[in-house]
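> One structure, as structure tokens, below. Some questions next.
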Amino acid sequence: ANCELSNSINTITVLKHISPDEKIRELSREIEGMVNERVTDIVKNRELYMVLCKTAQNLSSETLSKNEKKFIDDTLTEMKIAGLDLPDEKLKILKNLERQLSQKCIVFSKNISNNVIKLYFELEELDGLPEDILKRTECKNDNDEYNGYHKFNLSSIADLMLIMKYCNVRETRKKCWEAKYSEIPGNYGIFKDMLSLRVQISEIIGFKNWSEYAL
């Protein structure tokens with residue numbers, strides 16, 4: 001079940017980033033939000049945590065293999081870090097904070113994906129790119145000031161990935177990366193909110209900061 005869920009999440013993530021269809025990217029983000037909420041509910045299942053704790057107490061270490069004991073210990077540690085040994089009120093607050101953070105992350109990602117970025121390059125700036133990509137991106141409108149140039153739409157991460165993977169020209173790769181991930185209107189405030197939520201989440205679980213919690 002975990003593998004199936006992970007595969008589904010991975011598929012959604014790929015579509016969210018590389019689909020050229022804005023409607024598909026938007027739908028993927030909506031589904032991702034629903035999946036994240038469901039995952040939060042599963043991970044924060046206190047009843048399951050209590051059953052595992054009781055089971056671990058009743059099991060004799062002599063009847064368990066080294067790997068089995070490690071699995072149980074690691075699982076209980078992960079669930080404890082997830083906040084399942086917190087009082088009910090604190091656990092409720094934690095779930096709410098994590099849902100808020102998930103939504104902020106989705107909006108942040110959406111703003112990046114929907115930021116319209118079109119860059120034009122001359123052929124020598126694209127050394128290393130396969131011929132089929134060069135043909136697809138070439139501008140052939142005589143009335144266009146960029147006729148003969150090659151156009152890349154960085155609104156979808158697919159074109160960025162092509163540049164980063166194949167282009168031998170460092171300045172071209174740098175220009176595309178900076179254009180894609182430079183400051184985007186609205187994301188600065190969202191980023192500050194994300195940092196604040198991360199601090200609150202880490203502190204309520206008992207860590208000094210998010211870095212300590214994530215490690």
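Identifiers in this document derive from the order of the structure tokens: chains are assigned A, B, ..., residues are numbered from 1 separately in each chain, and ligands are numbered from 1 in order of occurrence.
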Run DSSP on the backbone and give me the residues of range 21-193 of chain A it puts in helix (DSSP H, G or I), as JSON, numbers by chain.

{"A": [22, 23, 24, 25, 26, 27, 28, 29, 30, 31, 32, 33, 34, 35, 36, 37, 38, 39, 40, 41, 42, 43, 46, 47, 48, 49, 50, 51, 52, 53, 54, 55, 56, 57, 58, 66, 67, 68, 69, 70, 71, 72, 73, 74, 75, 76, 77, 78, 79, 80, 81, 88, 89, 90, 91, 92, 93, 94, 95, 96, 97, 98, 99, 100, 101, 102, 103, 104, 105, 106, 107, 108, 109, 110, 111, 112, 113, 123, 124, 125, 126, 131, 132, 133, 134, 135, 136, 137, 157, 158, 159, 160, 161, 162, 163, 164, 165, 166, 170, 171, 172, 173, 174, 175, 176, 177, 178, 179, 180, 181, 187, 188, 189, 190, 191, 192, 193]}

> Please provide as a list in words all residues within 9 Å of range 171-187 of chain A, with the sequence filter that same-chain residues fewer than 4 positions apart are discarded (counting only C-alpha atoms).

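Here the qualifying residues turn out to be Val107, Phe108, Ser109, Asn111, Ile112, Ser113, Asn115, Ile117, Leu119, Phe121, Glu125, Leu126, Leu154, Ser155, Ile157, Leu160, Ile163, Met164, Cys167, Phe191 and Lys192 of chain A.
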
> Write out as a PyMOL selection string each polymer residue whose atoms come within 10 Å of Arg25 in chain A, counting only C-alpha atoms; drop sequence neighbours fewer than 2 positions from it.

chain A and resi 12-23+27-31+110+113-114+156

> Can you spit out the residues from that selection as a PDB file, in the first residue's frame, using N, CA and C atoms?


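Once written, again.pdb looks like this:
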```
ATOM      1  N   ILE A  12       1.932  12.226  -9.692  1.00  0.00           N
ATOM      2  CA  ILE A  12       1.308  13.546  -9.560  1.00  0.00           C
ATOM      3  C   ILE A  12       2.367  14.644  -9.593  1.00  0.00           C
ATOM      4  N   THR A  13       3.478  14.412  -8.879  1.00  0.00           N
ATOM      5  CA  THR A  13       4.554  15.404  -8.823  1.00  0.00           C
ATOM      6  C   THR A  13       5.147  15.650 -10.204  1.00  0.00           C
ATOM      7  N   VAL A  14       5.358  14.571 -10.968  1.00  0.00           N
ATOM      8  CA  VAL A  14       5.910  14.706 -12.317  1.00  0.00           C
ATOM      9  C   VAL A  14       4.974  15.518 -13.199  1.00  0.00           C
ATOM     10  N   LEU A  15       3.686  15.193 -13.181  1.00  0.00           N
ATOM     11  CA  LEU A  15       2.706  15.917 -13.998  1.00  0.00           C
ATOM     12  C   LEU A  15       2.634  17.387 -13.587  1.00  0.00           C
ATOM     13  N   LYS A  16       2.739  17.627 -12.303  1.00  0.00           N
ATOM     14  CA  LYS A  16       2.661  19.005 -11.787  1.00  0.00           C
ATOM     15  C   LYS A  16       3.789  19.860 -12.349  1.00  0.00           C
ATOM     16  N   HIS A  17       4.941  19.257 -12.542  1.00  0.00           N
ATOM     17  CA  HIS A  17       6.113  20.024 -12.957  1.00  0.00           C
ATOM     18  C   HIS A  17       6.331  20.068 -14.466  1.00  0.00           C
ATOM     19  N   ILE A  18       6.043  18.969 -15.177  1.00  0.00           N
ATOM     20  CA  ILE A  18       6.477  18.926 -16.570  1.00  0.00           C
ATOM     21  C   ILE A  18       5.361  18.932 -17.601  1.00  0.00           C
ATOM     22  N   SER A  19       4.096  18.778 -17.182  1.00  0.00           N
ATOM     23  CA  SER A  19       3.023  18.784 -18.179  1.00  0.00           C
ATOM     24  C   SER A  19       2.931  20.146 -18.863  1.00  0.00           C
ATOM     25  N   PRO A  20       2.871  20.174 -20.201  1.00  0.00           N
ATOM     26  CA  PRO A  20       2.733  21.445 -20.919  1.00  0.00           C
ATOM     27  C   PRO A  20       1.315  22.020 -20.825  1.00  0.00           C
ATOM     28  N   ASP A  21       0.375  21.207 -20.341  1.00  0.00           N
ATOM     29  CA  ASP A  21      -1.019  21.629 -20.227  1.00  0.00           C
ATOM     30  C   ASP A  21      -1.259  22.235 -18.841  1.00  0.00           C
ATOM     31  N   GLU A  22      -1.597  23.529 -18.802  1.00  0.00           N
ATOM     32  CA  GLU A  22      -1.791  24.208 -17.523  1.00  0.00           C
ATOM     33  C   GLU A  22      -2.920  23.584 -16.713  1.00  0.00           C
ATOM     34  N   LYS A  23      -3.980  23.096 -17.390  1.00  0.00           N
ATOM     35  CA  LYS A  23      -5.105  22.486 -16.685  1.00  0.00           C
ATOM     36  C   LYS A  23      -4.664  21.206 -15.960  1.00  0.00           C
ATOM     37  N   LEU A  27      -4.729  20.610 -11.977  1.00  0.00           N
ATOM     38  CA  LEU A  27      -5.422  19.454 -11.409  1.00  0.00           C
ATOM     39  C   LEU A  27      -4.464  18.610 -10.565  1.00  0.00           C
ATOM     40  N   SER A  28      -3.232  18.477 -11.024  1.00  0.00           N
ATOM     41  CA  SER A  28      -2.233  17.709 -10.270  1.00  0.00           C
ATOM     42  C   SER A  28      -1.972  18.346  -8.913  1.00  0.00           C
ATOM     43  N   ARG A  29      -1.931  19.677  -8.887  1.00  0.00           N
ATOM     44  CA  ARG A  29      -1.712  20.371  -7.609  1.00  0.00           C
ATOM     45  C   ARG A  29      -2.894  20.164  -6.663  1.00  0.00           C
ATOM     46  N   GLU A  30      -4.118  20.187  -7.212  1.00  0.00           N
ATOM     47  CA  GLU A  30      -5.296  19.974  -6.372  1.00  0.00           C
ATOM     48  C   GLU A  30      -5.283  18.556  -5.785  1.00  0.00           C
ATOM     49  N   ILE A  31      -4.949  17.576  -6.622  1.00  0.00           N
ATOM     50  CA  ILE A  31      -4.891  16.191  -6.158  1.00  0.00           C
ATOM     51  C   ILE A  31      -3.783  16.032  -5.121  1.00  0.00           C
ATOM     52  N   LYS A 110       2.867  26.496  -7.380  1.00  0.00           N
ATOM     53  CA  LYS A 110       1.978  26.947  -8.451  1.00  0.00           C
ATOM     54  C   LYS A 110       2.450  28.272  -9.029  1.00  0.00           C
ATOM     55  N   SER A 113       5.324  27.596 -11.333  1.00  0.00           N
ATOM     56  CA  SER A 113       4.906  26.941 -12.584  1.00  0.00           C
ATOM     57  C   SER A 113       4.172  27.896 -13.513  1.00  0.00           C
ATOM     58  N   ASN A 114       3.382  28.792 -12.943  1.00  0.00           N
ATOM     59  CA  ASN A 114       2.554  29.687 -13.757  1.00  0.00           C
ATOM     60  C   ASN A 114       3.254  30.984 -14.131  1.00  0.00           C
ATOM     61  N   SER A 156       6.834  25.607 -17.961  1.00  0.00           N
ATOM     62  CA  SER A 156       6.909  24.184 -17.634  1.00  0.00           C
ATOM     63  C   SER A 156       8.377  23.848 -17.407  1.00  0.00           C
TER      64      SER A 156
END
```

> At a cut-off of 12 Å, using only C-alpha atoms, what residues contact Thr55 in chain A? Leave out same-chain residues fewer than 6 positions from it and give the result as an mmCIF file with C-alpha atoms, in the first residue's frame.


```
data_model
loop_
_atom_site.group_PDB
_atom_site.id
_atom_site.type_symbol
_atom_site.label_atom_id
_atom_site.label_comp_id
_atom_site.auth_asym_id
_atom_site.auth_seq_id
_atom_site.Cartn_x
_atom_site.Cartn_y
_atom_site.Cartn_z
ATOM 1 C CA LEU A 48 -2.221 2.694 15.430
ATOM 2 C CA TYR A 49 0.642 4.201 17.435
ATOM 3 C CA SER A 61 13.285 -9.316 22.444
ATOM 4 C CA LYS A 69 13.535 -5.284 16.471
ATOM 5 C CA ILE A 72 9.792 -1.802 15.319
ATOM 6 C CA ASP A 73 12.111 0.638 17.098
ATOM 7 C CA LEU A 76 7.956 3.911 16.835
#
```

> Write out as a ChimeraX atom specification which residues come within 12 Å of Gly206 in chain A when counting only C-alpha atoms, dropping same-chain ones fewer than 3 positions away.

/A:80-83,85-86,90,94,199-203,209-210,212-213

> Between A:Glu131, A:Asp74, A:Asp193, A:Glu37, which residue has the minimum interatomic distance to Ala56 in chain A, considering only C-alpha atoms?

A:Asp74

> Between A:Val43, A:Leu195, A:Leu101, A:Met161, which has the minimum distance to Leu84 in chain A (counting only C-alpha atoms)?

A:Val43

> What's the separation between CA of Asn36 in chain A and CA of Ser102 in chain A, in Å to one decimal place?

7.1 Å

> With a distance cut-off of 12 Å and only C-alpha atoms, select the neighbouring residues of Ile133 in chain A, excluding the residue or stretch itself and same-chain residues fewer than 3 positions from it, and output the selection as a list of chain:residue names.

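With the cut-off at 12 Å, the set is A:Leu123, A:Leu126, A:Asp127, A:Gly128, A:Leu129, A:Pro130, A:Arg136, A:Thr137, A:Glu138, A:His150, A:Lys151, A:Phe152, A:Ala158, A:Asp159, A:Leu162, A:Ile163, A:Tyr166, A:Cys167.
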
> Could those residues be written to a file, using all heavy atoms, as a compact mmCIF listing (two decimals), in the first residue's frame?


```
# COMPACT_ATOMS: atom_id res chain seq x y z
N LEU A 123 21.75 29.83 -32.00
CA LEU A 123 22.18 28.44 -32.09
C LEU A 123 23.45 28.16 -31.30
O LEU A 123 23.55 27.14 -30.61
CB LEU A 123 22.39 28.06 -33.56
CG LEU A 123 22.76 26.59 -33.83
CD1 LEU A 123 21.65 25.67 -33.32
CD2 LEU A 123 23.00 26.38 -35.32
N LEU A 126 23.31 27.18 -27.68
CA LEU A 126 22.63 25.92 -27.35
C LEU A 126 23.47 24.70 -27.72
O LEU A 126 22.93 23.62 -27.96
CB LEU A 126 21.28 25.86 -28.05
CG LEU A 126 20.29 26.98 -27.69
CD1 LEU A 126 19.08 26.93 -28.60
CD2 LEU A 126 19.88 26.88 -26.22
N ASP A 127 24.78 24.87 -27.75
CA ASP A 127 25.66 23.77 -28.10
C ASP A 127 25.41 22.56 -27.20
O ASP A 127 25.36 22.67 -25.97
CB ASP A 127 27.13 24.21 -27.95
CG ASP A 127 28.09 23.09 -28.27
OD1 ASP A 127 28.02 22.57 -29.39
OD2 ASP A 127 28.88 22.72 -27.37
N GLY A 128 25.23 21.41 -27.84
CA GLY A 128 25.02 20.17 -27.11
C GLY A 128 23.59 19.66 -27.15
O GLY A 128 23.34 18.48 -26.89
N LEU A 129 22.62 20.53 -27.48
CA LEU A 129 21.23 20.09 -27.53
C LEU A 129 20.98 19.21 -28.75
O LEU A 129 21.48 19.50 -29.84
CB LEU A 129 20.27 21.28 -27.55
CG LEU A 129 19.74 21.69 -26.17
CD1 LEU A 129 20.83 22.38 -25.37
CD2 LEU A 129 18.52 22.60 -26.29
N PRO A 130 20.20 18.13 -28.60
CA PRO A 130 19.89 17.24 -29.73
C PRO A 130 19.19 17.98 -30.87
O PRO A 130 18.49 18.97 -30.65
CB PRO A 130 18.96 16.20 -29.10
CG PRO A 130 19.31 16.22 -27.65
CD PRO A 130 19.64 17.65 -27.34
N ARG A 136 12.43 21.67 -32.98
CA ARG A 136 11.13 21.97 -32.33
C ARG A 136 11.07 23.39 -31.80
O ARG A 136 10.01 24.01 -31.80
CB ARG A 136 10.89 20.98 -31.19
CG ARG A 136 9.64 21.26 -30.37
CD ARG A 136 9.40 20.22 -29.31
NE ARG A 136 10.42 20.20 -28.29
CZ ARG A 136 10.45 21.05 -27.25
NH1 ARG A 136 9.55 22.02 -27.16
NH2 ARG A 136 11.39 20.95 -26.34
N THR A 137 12.19 23.92 -31.35
CA THR A 137 12.18 25.22 -30.70
C THR A 137 12.53 26.38 -31.63
O THR A 137 12.46 27.54 -31.23
CB THR A 137 13.20 25.23 -29.54
OG1 THR A 137 14.50 24.92 -30.04
CG2 THR A 137 12.80 24.23 -28.47
N GLU A 138 12.87 26.08 -32.89
CA GLU A 138 13.28 27.15 -33.81
C GLU A 138 12.10 28.04 -34.22
O GLU A 138 11.02 27.55 -34.55
CB GLU A 138 13.93 26.56 -35.05
CG GLU A 138 14.50 27.62 -35.98
CD GLU A 138 15.19 27.03 -37.19
OE1 GLU A 138 15.14 25.78 -37.36
OE2 GLU A 138 15.77 27.79 -37.98
N HIS A 150 15.87 30.29 -31.11
CA HIS A 150 15.21 29.12 -30.55
C HIS A 150 14.51 29.53 -29.25
O HIS A 150 15.14 30.10 -28.35
CB HIS A 150 16.22 28.00 -30.28
CG HIS A 150 16.86 27.49 -31.53
ND1 HIS A 150 16.40 26.38 -32.21
CD2 HIS A 150 17.92 27.96 -32.26
CE1 HIS A 150 17.15 26.17 -33.27
NE2 HIS A 150 18.07 27.12 -33.33
N LYS A 151 13.22 29.23 -29.18
CA LYS A 151 12.41 29.68 -28.04
C LYS A 151 12.20 28.54 -27.05
O LYS A 151 11.83 27.42 -27.41
CB LYS A 151 11.05 30.18 -28.53
CG LYS A 151 10.15 30.66 -27.39
CD LYS A 151 8.85 31.25 -27.92
CE LYS A 151 7.93 30.19 -28.46
NZ LYS A 151 6.60 30.73 -28.84
N PHE A 152 12.40 28.87 -25.78
CA PHE A 152 12.16 27.91 -24.69
C PHE A 152 11.18 28.51 -23.70
O PHE A 152 11.35 29.65 -23.25
CB PHE A 152 13.48 27.55 -23.99
CG PHE A 152 14.37 26.69 -24.82
CD1 PHE A 152 15.19 27.26 -25.79
CD2 PHE A 152 14.36 25.31 -24.66
CE1 PHE A 152 16.01 26.45 -26.57
CE2 PHE A 152 15.18 24.51 -25.45
CZ PHE A 152 16.00 25.08 -26.41
N ALA A 158 9.89 21.27 -18.05
CA ALA A 158 10.44 20.34 -19.05
C ALA A 158 11.53 20.99 -19.88
O ALA A 158 12.60 20.40 -20.10
CB ALA A 158 9.31 19.83 -19.95
N ASP A 159 11.29 22.22 -20.38
CA ASP A 159 12.30 22.90 -21.19
C ASP A 159 13.54 23.23 -20.37
O ASP A 159 14.67 23.16 -20.87
CB ASP A 159 11.72 24.19 -21.79
CG ASP A 159 10.95 23.92 -23.09
OD1 ASP A 159 10.84 22.73 -23.46
OD2 ASP A 159 10.46 24.87 -23.71
N LEU A 162 15.70 20.19 -20.16
CA LEU A 162 16.43 19.93 -21.40
C LEU A 162 17.70 20.77 -21.46
O LEU A 162 18.77 20.28 -21.82
CB LEU A 162 15.54 20.25 -22.61
CG LEU A 162 14.35 19.31 -22.84
CD1 LEU A 162 13.49 19.84 -23.98
CD2 LEU A 162 14.83 17.90 -23.14
N ILE A 163 17.56 22.05 -21.12
CA ILE A 163 18.72 22.96 -21.13
C ILE A 163 19.77 22.49 -20.13
O ILE A 163 20.97 22.39 -20.43
CB ILE A 163 18.29 24.40 -20.80
CG1 ILE A 163 17.44 24.99 -21.93
CG2 ILE A 163 19.52 25.27 -20.54
CD1 ILE A 163 18.20 25.33 -23.17
N TYR A 166 21.41 18.99 -21.39
CA TYR A 166 22.15 18.84 -22.64
C TYR A 166 23.05 20.03 -23.02
O TYR A 166 24.04 19.83 -23.71
CB TYR A 166 21.17 18.60 -23.79
CG TYR A 166 20.42 17.31 -23.70
CD1 TYR A 166 19.05 17.29 -23.44
CD2 TYR A 166 21.07 16.08 -23.87
CE1 TYR A 166 18.35 16.09 -23.36
CE2 TYR A 166 20.38 14.88 -23.79
CZ TYR A 166 19.01 14.90 -23.53
OH TYR A 166 18.33 13.71 -23.45
N CYS A 167 22.70 21.22 -22.60
CA CYS A 167 23.43 22.39 -23.08
C CYS A 167 24.84 22.47 -22.47
O CYS A 167 25.02 22.39 -21.25
CB CYS A 167 22.65 23.68 -22.75
SG CYS A 167 23.41 25.15 -23.46
```

> Between A:Val169, A:Thr40, A:Asn153, A:Thr11, which has the minimum distance to Asn96 in chain A (counting only C-alpha atoms)?

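Nearest to Asn96 in chain A: A:Thr40.
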
> Find the residue from A:Leu134, A:Leu52, A:Cys139, A:Cys105 that sits nearest to Gly189 in chain A; use only C-alpha atoms when measuring.

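Among the listed residues, the smallest separation from Gly189 in chain A belongs to A:Cys105.
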